[in-house]
Amino acid sequence: MRKSVTAILAAFILQAMPARAAEIDPADWPSVLEAARGQTVYFHAWGGEPRINAYIEWAGEQVLQRYGVTVKQVKVDDTAHVVSRVLAEKAAGKLEGGSVDLVWINGENFASLKKADLLFGPGWANKLPNWKYVDVEGKPTVAVDFTEPTQGLESPWGMAKLVFSYDTARLATPPATLEALADYLDDHPGRFAYPQPPNFHGSTFLKQVLATYIGDFAKLALPVDDATFKGDVAPLFAFLDKLHPKLWHQGRAFPQNAGDLRRMLADGETDIAFTFNPADISAAIEAGELPDTVRTFVLDGGTIGNTHFVAIPFNASAKAGALVLADFLLSPEAQARKQDPKIWGDPTVLAIGKLDPQDRARFDSIDLGIATLKPKELGAVIPEPHASWMTRLEEEWVARYAAQ
Amino acid sequence: MLRLAPALTIALLIGPVAAGLIGTLLPAFGYLPALGGTSVSLAAFQALFETPGIWVSLRLSLATGFCASVGALAIVVFFTAAFEGTGLFRLMQRLLSPILAIPHAAAAFGFAFLIAPSGWIFRLLSPWATGFDRPPDLLIIHDTAGIAMTLGLMAKEVPFLFLMVLAALPQTESVRSRHIAASFGYRPVAAWLKTVLPRLYPQIRLPFFAVIAYATSVVDVALILGPTTPAPLAVRLTGWMNDPDLQLRFVAAAGALLQLAASLAAIAFCILIEHLAAGLGRRWLEAGGRGFADKPAAALSGATMAGIAATLGFGLLTIALWSVAGRWTFPNGLPSQLTLDVWAANISGAAAAITTTALTGGTVALVAVTLALACLEGESRRKRKVEHRRLFLLYLPLLVPQVAFLFGLQVLFLSVGLDATVSGVAIAHLTFVLPYVFLALSDPWHAVDPRYADIAASLGAPPARIFWRIRLPIALRAIATAAALGFAVSVAQYLPTLLIGAGRVETVTTEAVALASGGNRPLIGVYATLQMVLPFMGFLAAGLITSLTFRNRRALKATH
């Protein structure tokens with residue numbers, strides 16, 4: 001009698017314990033939610049913009065209230081540090097219980113992690129409940145990151161498009177093409193700069209110039225062909241050689257990031273700046289960092305655009321919690337709040353047409369801000385080239401302009 | 001127990017450095033299994049030497065580091081020679097000690113905010129003196145020759161070397177030597193240089209080498225003030241260590257070894273110059289010349305010291321001003337509106353960072369002081385005096401560039417599970433804090449009159465009671481100051497916290513640098529001000545403890 005009672009009790013207890021060795025399966029969402037409750041997710045995200053940090057804090061509060069998941073943002077100054085981190089953990093044999101649960105990532109960094117097998121897989125992003133709202137048809141970059149297929153290893157978070165900014169109080173009509181920009185600098189030397197590659201924004205400017213001047217545009221979708229590389233980039237460097245003597249500090253020094261560019265525009269050191277977030281200028285005006293006479297413009301022929309993502313490392317300690325957070329960040333409510341320039345201003349990855357009427361209304365009611373171009377005015381999107389172009393361009397740029 | 005203290009201290013000084021160097025040496029020669037490097041080869045070094053601009057970067061590091069260090073030493077030496085014992089000297093002593101507590105990054109920000117084309121100096125002078133209504137396109141910060149960086153480094157190293165000189169001066173009987181030389185007709189500067197400097201220099205030799213090692217491998221000051229096309233070697237190394245292209249880690253490790261070799265070469269060059277100077281100096285000493293450009297030396301060094309104090313002071317004021325500035329457009333000398341909004345919005349977010357910084361710093365300072373006291377007490381009991389200022393082992397963590405061994409240390413801490421914990425970060429900080437605490441504590445400790453201990457012993461007191469009731473109270477002021485200094489050094493650590501803490505350990509310094517990547521000046525102002533305030537509070541606490549304990553002990557209050 002006693003033995004059978006013990007056996008029944010044991011069976012009951014064992015059955016009630018969570019299956020610790022079970023794999024997290026995003027397709028079985030209720031089990032993910034159950035596993036996530038009580039977990040703490042360490043979200044490694046760039047911390048250089050207070051508005052973004054505030055948004056992440058809000059998302060953390062929501063996720064705690066609704067799902068019992070605690071979110072701690074780890075402010076990084078460079079996502080490559082996080083790549084270093086995950087690599088070092090693998091080097092030391094830490095295959096479980098890693099310190100990074102979710103990372104804000106795209107482009108080269110994603111390609112590095114993917115190539116070194118440092119990501120949680122198999123693909124989970126397209127199994128998230130909110131994936132059904134994602135604009136896969138209209139925004140192909142949500143599944144292809146700098147020509148590298150994401151294969152569901154990262155979940156899209158927001159869109160980016162290169163837009164230029166200028167102060168209408170000092171400049172009435174901004175130049176509409178890169179040639180016009182070079183001509184403008186003839187009369188106003190030193191009033192434009194771009195961040196030094198390999199900074200992300202500086203490299204993007206190089207890609208923009210290359211996309212405009214390269215002979216055969218289709219080459220950019222393929223990896224770099226060493227045989228023709230020098231010829232392919234010759235027009236780019238010819239343009240830069242012409243531009244640099246007219247740049248800020250005659251190209252002998254460069255600002256280090258987009259924040260510097262914005263500050264230089266605010267101080268009056270430059271007349272034209274650029275950013276990757278179309279609503280960034282409106283948000284900066286709201287926060288008092290720029291005068292309200294600043295507006296944005298795009299170049300004729302289109303500007304570079306891409307998507308940024310969140311990914312989960314292979315050894316994350318809170319995988320379920322990270323999935324829950326990624327799914328929440330993809331939800332219409334979170335995406336709409338993100339797009340509001342009073343909060344952040346980052347464009348959504350969702351297709352408005354796929355949303356429920358009340359979510360659609362949320363998006364329609366957002367005031368994009370006085371300096372933000374309407375979606376129709378944003379112009380054509382030039383897709384990101386293959387990641388190898390960025391690496392080679394940066395190396396070539398450094399060899400030519402940063403090595404003497 | 002006391003016998004273990006020196007061994008433990010040595011382990012803490014050498015252990016992390018050695019482990020870190022091995023962790024850097026192996027990848028430099030191609031061995032890092034996690035990245036597929038399983039065979040030893042020289043490929044990394046080959047890639048390193050083929051990197052465009054690497055020799056320019058190396059030359060920049062060496063030139064700026066060397067000039068800054070030698071310049072700082074020259075300023076301090078001539079200032080002391082010309083003004084020792086005067087009111088200006090005492091004034092500088094009091095002004096420069098607190099500046100020592102400020103992290104290099106905060107001082108560099110202050111300097112940048114002051115002299116940049118859109119900085120405070122131009123704002124104060126425009127448009128009435130300069131005619132500018134927009135910031136001029138002048139290459140001041142980030143200039144290609146590294147002059148801004150050299151000046152910034154010099155300004156921060158002068159207080160450190162000055163304090164080292166002050167600590168060593170009593171041993172050299174400078175006052176008596178100068179008086180005797182004066183009675184022979186030597187002018188003040190020549191007298192000091194001929195009689196005091198030869199005795200002083202061996203005492204400050206190791207701190208000087210530590211300054212050279214730091215200046216040739218500095219990262220944060222170079223990022224804020226230094227050239228960018230190309231950047232100095234250490235900056236490029238840090239960039240490679242963080243590059244998404246993981247294969248660059250090997251090149252970074254090779255570069256770290258190059259950086260180590262460069263810093264050591266700079267020190268070796270200094271030793272060579274020392275021998276040269278010794279030979280030439282001896283001849284000059286015996287030549288009998290009574291003067292040595294006294295008036296120019298006095299004028300120049302006095303003006304430079306005052307200039308440095310003013311620059312640092314105004315630089316820090318600029319930071320504080322930016323933290324409360326609303327709109328501050330270019331030609332205005334002062335912000336058009338002052339607001340506490342930025343502080344209010346960020347103080348709660350900063351609370352966690354402040355707590356961590358204070359707790360880590362406090363613990364590290366306490367442990368360092370305890371270890372130092374244990375070692376020193378051991379020496380006192382055995383009546384053996386070790387000249388800590390000349391102890392090479394003590395300077396080891398300061399002589400090896402941080403960037404050269406931190407990657408290896410990170411991997412080591414990962415494998416023992418100390419990674420991403422406050423304890424791991426504390427141990428990493430301890431390695432850098434111990435030398436400073438020892439240096440600050442050893443001389444005042446040995447300066448305590450040994451006769452008090454002898455009398456106590458003759459009255460029957462056991463050694464423990466002598467320590468707690470005699471030596472400790474008399475040296476309390478020095479102990480409190482050493483603890484405050486240890487706290488300040490811990491607050492200022494950036495790379496160790498970032499790498500060992502894995503981003504989980506937020507301190508005020510890591511937050512400041514992370515937010516600096518956004519270019520938001522008021523925010524940089526807030527965090528840089530916090531970086532200054534915390535060490536100040538440490539020194540304030542030290543002063544308070546001393547005053548309270550000695551409120552009824554006039555003689556103890558008056559010493560040191």
# chains A, B, ... in the order shown; residues from 1 in each chain; ligands from 1

$ residues_around --residues "segment 38-51 of chain A" --least-positions-apart "4" --cutoff "8 Å" --atoms "only C-alpha atoms" --output "ChimeraX atom specification"
/A:55,68-79,82,99-104,318,321-322,343-344 /B:514-518

$ interface_residues --of "chain A" --to "chain B" --cutoff "7 Å" --atoms "only C-alpha atoms" --output "PyMOL selection string"
chain A and resi 47-49+74-77+80-81+83-85+88-92+108-109+112+190+248-249+252-253+257+259-260+263+267-269+399+401-404

$ write_last_selection --atoms "N, CA, C and O atoms" --output "tab-separated table (two decimals), in the first residue's frame"
chain	number	residue	atom	x	y	z
A	47	GLY	N	22.88	51.42	-27.08
A	47	GLY	CA	22.31	52.29	-26.06
A	47	GLY	C	22.59	53.76	-26.26
A	47	GLY	O	22.43	54.55	-25.35
A	48	GLY	N	23.00	54.16	-27.49
A	48	GLY	CA	23.41	55.54	-27.70
A	48	GLY	C	22.28	56.53	-27.88
A	48	GLY	O	22.50	57.72	-28.00
A	49	GLU	N	21.03	56.05	-27.96
A	49	GLU	CA	19.91	56.97	-28.17
A	49	GLU	C	18.93	56.82	-27.02
A	49	GLU	O	18.24	55.81	-26.92
A	74	VAL	N	20.90	45.65	-21.95
A	74	VAL	CA	22.33	45.85	-21.79
A	74	VAL	C	22.75	46.83	-22.88
A	74	VAL	O	22.71	46.51	-24.06
A	75	LYS	N	23.11	48.06	-22.48
A	75	LYS	CA	23.39	49.08	-23.48
A	75	LYS	C	24.78	48.84	-24.07
A	75	LYS	O	25.78	48.92	-23.37
A	76	VAL	N	24.83	48.57	-25.35
A	76	VAL	CA	26.13	48.37	-26.00
A	76	VAL	C	26.43	49.59	-26.85
A	76	VAL	O	25.52	50.25	-27.34
A	77	ASP	N	27.72	49.91	-27.03
A	77	ASP	CA	28.03	51.02	-27.92
A	77	ASP	C	28.34	50.51	-29.33
A	77	ASP	O	28.41	51.29	-30.26
A	80	ALA	N	29.12	44.80	-32.46
A	80	ALA	CA	30.22	43.86	-32.66
A	80	ALA	C	30.78	43.37	-31.32
A	80	ALA	O	31.33	42.26	-31.24
A	81	HIS	N	30.63	44.17	-30.25
A	81	HIS	CA	31.06	43.71	-28.92
A	81	HIS	C	30.28	42.46	-28.54
A	81	HIS	O	30.80	41.55	-27.90
A	83	VAL	N	28.94	40.29	-30.58
A	83	VAL	CA	29.46	39.17	-31.37
A	83	VAL	C	30.72	38.61	-30.69
A	83	VAL	O	30.86	37.40	-30.53
A	84	SER	N	31.61	39.53	-30.26
A	84	SER	CA	32.82	39.13	-29.53
A	84	SER	C	32.47	38.28	-28.33
A	84	SER	O	33.11	37.28	-28.04
A	85	ARG	N	31.50	38.76	-27.60
A	85	ARG	CA	31.05	38.14	-26.38
A	85	ARG	C	30.61	36.70	-26.61
A	85	ARG	O	31.06	35.79	-25.94
A	88	ALA	N	33.50	34.57	-27.51
A	88	ALA	CA	34.35	34.25	-26.36
A	88	ALA	C	33.70	33.18	-25.50
A	88	ALA	O	34.39	32.30	-24.97
A	89	GLU	N	32.35	33.23	-25.38
A	89	GLU	CA	31.67	32.22	-24.59
A	89	GLU	C	31.83	30.85	-25.23
A	89	GLU	O	32.06	29.85	-24.56
A	90	LYS	N	31.71	30.82	-26.56
A	90	LYS	CA	31.89	29.52	-27.23
A	90	LYS	C	33.33	29.05	-27.04
A	90	LYS	O	33.58	27.87	-26.81
A	91	ALA	N	34.28	29.97	-27.13
A	91	ALA	CA	35.69	29.61	-26.97
A	91	ALA	C	35.95	29.01	-25.61
A	91	ALA	O	36.77	28.11	-25.45
A	92	ALA	N	35.23	29.49	-24.60
A	92	ALA	CA	35.45	28.97	-23.25
A	92	ALA	C	34.55	27.79	-22.95
A	92	ALA	O	34.50	27.32	-21.82
A	108	GLU	N	26.41	42.85	-41.35
A	108	GLU	CA	27.67	42.11	-41.15
A	108	GLU	C	27.65	41.30	-39.87
A	108	GLU	O	28.16	40.18	-39.82
A	109	ASN	N	27.13	41.90	-38.79
A	109	ASN	CA	27.12	41.21	-37.50
A	109	ASN	C	26.30	39.94	-37.57
A	109	ASN	O	26.70	38.90	-37.07
A	112	SER	N	28.16	37.32	-39.54
A	112	SER	CA	29.21	36.70	-38.74
A	112	SER	C	28.67	35.62	-37.83
A	112	SER	O	29.19	34.50	-37.77
A	190	GLY	N	33.40	72.79	-46.74
A	190	GLY	CA	33.43	72.37	-45.34
A	190	GLY	C	32.07	72.23	-44.70
A	190	GLY	O	31.99	72.03	-43.49
A	248	TRP	N	34.17	68.89	-44.75
A	248	TRP	CA	34.53	69.36	-43.42
A	248	TRP	C	35.94	68.92	-43.09
A	248	TRP	O	36.30	67.76	-43.28
A	249	HIS	N	36.77	69.89	-42.65
A	249	HIS	CA	38.17	69.63	-42.35
A	249	HIS	C	38.93	69.05	-43.54
A	249	HIS	O	39.93	68.35	-43.37
A	252	ARG	N	40.46	65.57	-43.69
A	252	ARG	CA	41.60	65.10	-42.90
A	252	ARG	C	41.13	64.46	-41.60
A	252	ARG	O	41.86	63.73	-40.94
A	253	ALA	N	39.91	64.79	-41.21
A	253	ALA	CA	39.30	64.14	-40.05
A	253	ALA	C	37.83	63.97	-40.36
A	253	ALA	O	37.27	64.74	-41.14
A	257	ASN	N	30.27	59.28	-35.84
A	257	ASN	CA	28.98	58.58	-35.90
A	257	ASN	C	27.88	59.56	-36.29
A	257	ASN	O	28.11	60.76	-36.41
A	259	GLY	N	25.38	60.57	-34.60
A	259	GLY	CA	25.07	61.53	-33.54
A	259	GLY	C	25.93	62.78	-33.69
A	259	GLY	O	25.45	63.91	-33.51
A	260	ASP	N	27.22	62.58	-34.02
A	260	ASP	CA	28.11	63.71	-34.28
A	260	ASP	C	27.57	64.56	-35.43
A	260	ASP	O	27.59	65.79	-35.37
A	263	ARG	N	24.77	66.69	-34.30
A	263	ARG	CA	25.25	67.77	-33.46
A	263	ARG	C	25.88	68.88	-34.31
A	263	ARG	O	25.70	70.06	-34.06
A	267	ASP	N	24.85	72.74	-34.42
A	267	ASP	CA	25.79	73.81	-34.09
A	267	ASP	C	26.01	74.76	-35.25
A	267	ASP	O	26.59	75.82	-35.07
A	268	GLY	N	25.64	74.34	-36.47
A	268	GLY	CA	25.90	75.18	-37.63
A	268	GLY	C	27.24	74.89	-38.27
A	268	GLY	O	27.65	75.59	-39.19
A	269	GLU	N	27.94	73.82	-37.81
A	269	GLU	CA	29.21	73.50	-38.44
A	269	GLU	C	29.01	72.96	-39.84
A	269	GLU	O	29.87	73.13	-40.70
A	399	ALA	N	42.36	52.22	-46.72
A	399	ALA	CA	43.68	52.21	-47.35
A	399	ALA	C	43.95	53.53	-48.07
A	399	ALA	O	45.07	54.04	-48.06
A	401	TYR	N	42.22	56.66	-47.60
A	401	TYR	CA	42.04	57.94	-46.93
A	401	TYR	C	42.42	57.95	-45.47
A	401	TYR	O	42.47	59.01	-44.86
A	402	ALA	N	42.65	56.78	-44.89
A	402	ALA	CA	42.93	56.77	-43.44
A	402	ALA	C	44.22	56.07	-43.13
A	402	ALA	O	44.40	55.54	-42.06
A	403	ALA	N	45.14	56.08	-44.07
A	403	ALA	CA	46.39	55.36	-43.81
A	403	ALA	C	47.61	56.20	-44.13
A	403	ALA	O	48.69	55.68	-44.26
A	404	GLN	N	47.42	57.48	-44.29
A	404	GLN	CA	48.61	58.31	-44.53
A	404	GLN	C	48.81	59.21	-43.33
A	404	GLN	O	48.75	60.38	-43.42

$ closest_residue --among "B:Met92, B:Ala108, B:Leu200, B:Ala116" --to "Pro159 of chain B" --atoms "only C-alpha atoms"
B:Met92

$ atom_distance --atom1 "atom CA of Ala372 of chain B" --atom2 "atom CA of Ala167 of chain B"
17.3 Å

$ closest_residue --among "B:Gly110, B:Pro188, B:Pro296, B:Pro103" --to "Val489 of chain B" --atoms "only C-alpha atoms"
B:Pro103

$ select_by_dssp --residues "segment 41-157 of chain A" --states "helix (DSSP H, G or I)" --output "NGL selection string"
:A and (50-67 or 79-91 or 107-115 or 125-127 or 129-133 or 140-142)

$ residues_around --residues "segment 60-73 of chain B" --least-positions-apart "6" --cutoff "10 Å" --atoms "only C-alpha atoms" --output "ChimeraX atom specification"
/B:54,79,144-162,165,204,208-218,222,226-227,230-235,259,262-263,265-267,269-270,305

$ atom_distance --atom1 "atom CA of Ala160 of chain A" --atom2 "atom CA of Val342 of chain B"
27.4 Å

$ closest_residue --among "A:Lys338, A:Val298, A:Asp241, A:Lys114" --to "Leu87 of chain A" --atoms "only C-alpha atoms"
A:Lys114

$ residues_around --residues "Gly97 of chain A" --least-positions-apart "4" --cutoff "7 Å" --atoms "only C-alpha atoms" --output "JSON, numbers by chain"
{"A": [315, 316, 317]}

$ write_last_selection --atoms "N, CA and C atoms" --output "CSV table (one decimal), in the first residue's frame"
chain,number,residue,atom,x,y,z
A,315,ASN,N,23.5,30.0,-27.2
A,315,ASN,CA,23.6,29.5,-25.8
A,315,ASN,C,22.8,30.4,-24.8
A,316,ALA,N,21.8,31.1,-25.3
A,316,ALA,CA,21.0,32.0,-24.5
A,316,ALA,C,20.4,31.3,-23.3
A,317,SER,N,20.4,31.9,-22.1
A,317,SER,CA,19.8,31.2,-21.0
A,317,SER,C,18.3,31.3,-20.9

$ closest_residue --among "B:Val364, B:Leu321, B:Leu439, B:Lys383" --to "Ser423 of chain B" --atoms "only C-alpha atoms"
B:Val364

$ select_by_dssp --residues "segment 256-330 of chain A" --states "strand (DSSP E or B)" --output "list in words"
Ile272, Ala273, Phe274, Thr275, Val294, Arg295, Thr296, Phe297, Thr303, Ile304, Gly305, Asn306, Thr307, His308, Phe309, Val310, Ala311, Pro313 and Ala316 of chain A

$ decode --residues "segment 321-336 of chain A" --atoms "N, CA, C and O atoms" --output "PDB file, in the first residue's frame"
ATOM      1  N   GLY A 321      11.873  33.246 -22.980  1.00  0.00           N
ATOM      2  CA  GLY A 321      11.626  34.654 -22.696  1.00  0.00           C
ATOM      3  C   GLY A 321      11.997  35.529 -23.880  1.00  0.00           C
ATOM      4  O   GLY A 321      11.286  36.479 -24.229  1.00  0.00           O
ATOM      5  N   ALA A 322      13.122  35.190 -24.542  1.00  0.00           N
ATOM      6  CA  ALA A 322      13.565  35.977 -25.694  1.00  0.00           C
ATOM      7  C   ALA A 322      12.548  35.863 -26.829  1.00  0.00           C
ATOM      8  O   ALA A 322      12.250  36.849 -27.509  1.00  0.00           O
ATOM      9  N   LEU A 323      12.000  34.660 -27.027  1.00  0.00           N
ATOM     10  CA  LEU A 323      10.988  34.485 -28.073  1.00  0.00           C
ATOM     11  C   LEU A 323       9.759  35.337 -27.771  1.00  0.00           C
ATOM     12  O   LEU A 323       9.195  35.976 -28.658  1.00  0.00           O
ATOM     13  N   VAL A 324       9.354  35.333 -26.488  1.00  0.00           N
ATOM     14  CA  VAL A 324       8.178  36.116 -26.110  1.00  0.00           C
ATOM     15  C   VAL A 324       8.428  37.593 -26.365  1.00  0.00           C
ATOM     16  O   VAL A 324       7.582  38.313 -26.905  1.00  0.00           O
ATOM     17  N   LEU A 325       9.622  38.071 -26.000  1.00  0.00           N
ATOM     18  CA  LEU A 325       9.945  39.488 -26.220  1.00  0.00           C
ATOM     19  C   LEU A 325       9.977  39.814 -27.699  1.00  0.00           C
ATOM     20  O   LEU A 325       9.420  40.831 -28.148  1.00  0.00           O
ATOM     21  N   ALA A 326      10.607  38.930 -28.499  1.00  0.00           N
ATOM     22  CA  ALA A 326      10.689  39.175 -29.948  1.00  0.00           C
ATOM     23  C   ALA A 326       9.291  39.257 -30.541  1.00  0.00           C
ATOM     24  O   ALA A 326       9.001  40.111 -31.390  1.00  0.00           O
ATOM     25  N   ASP A 327       8.407  38.373 -30.077  1.00  0.00           N
ATOM     26  CA  ASP A 327       7.044  38.374 -30.594  1.00  0.00           C
ATOM     27  C   ASP A 327       6.314  39.652 -30.199  1.00  0.00           C
ATOM     28  O   ASP A 327       5.589  40.248 -31.009  1.00  0.00           O
ATOM     29  N   PHE A 328       6.530  40.108 -28.945  1.00  0.00           N
ATOM     30  CA  PHE A 328       5.876  41.342 -28.515  1.00  0.00           C
ATOM     31  C   PHE A 328       6.352  42.534 -29.332  1.00  0.00           C
ATOM     32  O   PHE A 328       5.567  43.404 -29.712  1.00  0.00           O
ATOM     33  N   LEU A 329       7.677  42.575 -29.623  1.00  0.00           N
ATOM     34  CA  LEU A 329       8.227  43.684 -30.405  1.00  0.00           C
ATOM     35  C   LEU A 329       7.625  43.714 -31.809  1.00  0.00           C
ATOM     36  O   LEU A 329       7.599  44.756 -32.456  1.00  0.00           O
ATOM     37  N   LEU A 330       7.141  42.551 -32.268  1.00  0.00           N
ATOM     38  CA  LEU A 330       6.554  42.446 -33.601  1.00  0.00           C
ATOM     39  C   LEU A 330       5.060  42.770 -33.583  1.00  0.00           C
ATOM     40  O   LEU A 330       4.432  42.895 -34.620  1.00  0.00           O
ATOM     41  N   SER A 331       4.477  42.923 -32.399  1.00  0.00           N
ATOM     42  CA  SER A 331       3.023  43.099 -32.307  1.00  0.00           C
ATOM     43  C   SER A 331       2.626  44.467 -32.841  1.00  0.00           C
ATOM     44  O   SER A 331       3.392  45.422 -32.767  1.00  0.00           O
ATOM     45  N   PRO A 332       1.387  44.586 -33.390  1.00  0.00           N
ATOM     46  CA  PRO A 332       0.948  45.875 -33.936  1.00  0.00           C
ATOM     47  C   PRO A 332       1.025  46.994 -32.909  1.00  0.00           C
ATOM     48  O   PRO A 332       1.414  48.115 -33.225  1.00  0.00           O
ATOM     49  N   GLU A 333       0.669  46.684 -31.663  1.00  0.00           N
ATOM     50  CA  GLU A 333       0.682  47.744 -30.642  1.00  0.00           C
ATOM     51  C   GLU A 333       2.101  48.290 -30.446  1.00  0.00           C
ATOM     52  O   GLU A 333       2.323  49.509 -30.437  1.00  0.00           O
ATOM     53  N   ALA A 334       3.075  47.362 -30.321  1.00  0.00           N
ATOM     54  CA  ALA A 334       4.463  47.802 -30.099  1.00  0.00           C
ATOM     55  C   ALA A 334       5.025  48.505 -31.323  1.00  0.00           C
ATOM     56  O   ALA A 334       5.749  49.498 -31.217  1.00  0.00           O
ATOM     57  N   GLN A 335       4.677  47.999 -32.526  1.00  0.00           N
ATOM     58  CA  GLN A 335       5.191  48.599 -33.756  1.00  0.00           C
ATOM     59  C   GLN A 335       4.624  50.001 -33.964  1.00  0.00           C
ATOM     60  O   GLN A 335       5.322  50.907 -34.427  1.00  0.00           O
ATOM     61  N   ALA A 336       3.336  50.168 -33.621  1.00  0.00           N
ATOM     62  CA  ALA A 336       2.726  51.492 -33.806  1.00  0.00           C
ATOM     63  C   ALA A 336       3.379  52.500 -32.861  1.00  0.00           C
ATOM     64  O   ALA A 336       3.716  53.615 -33.251  1.00  0.00           O
TER      65      ALA A 336
END
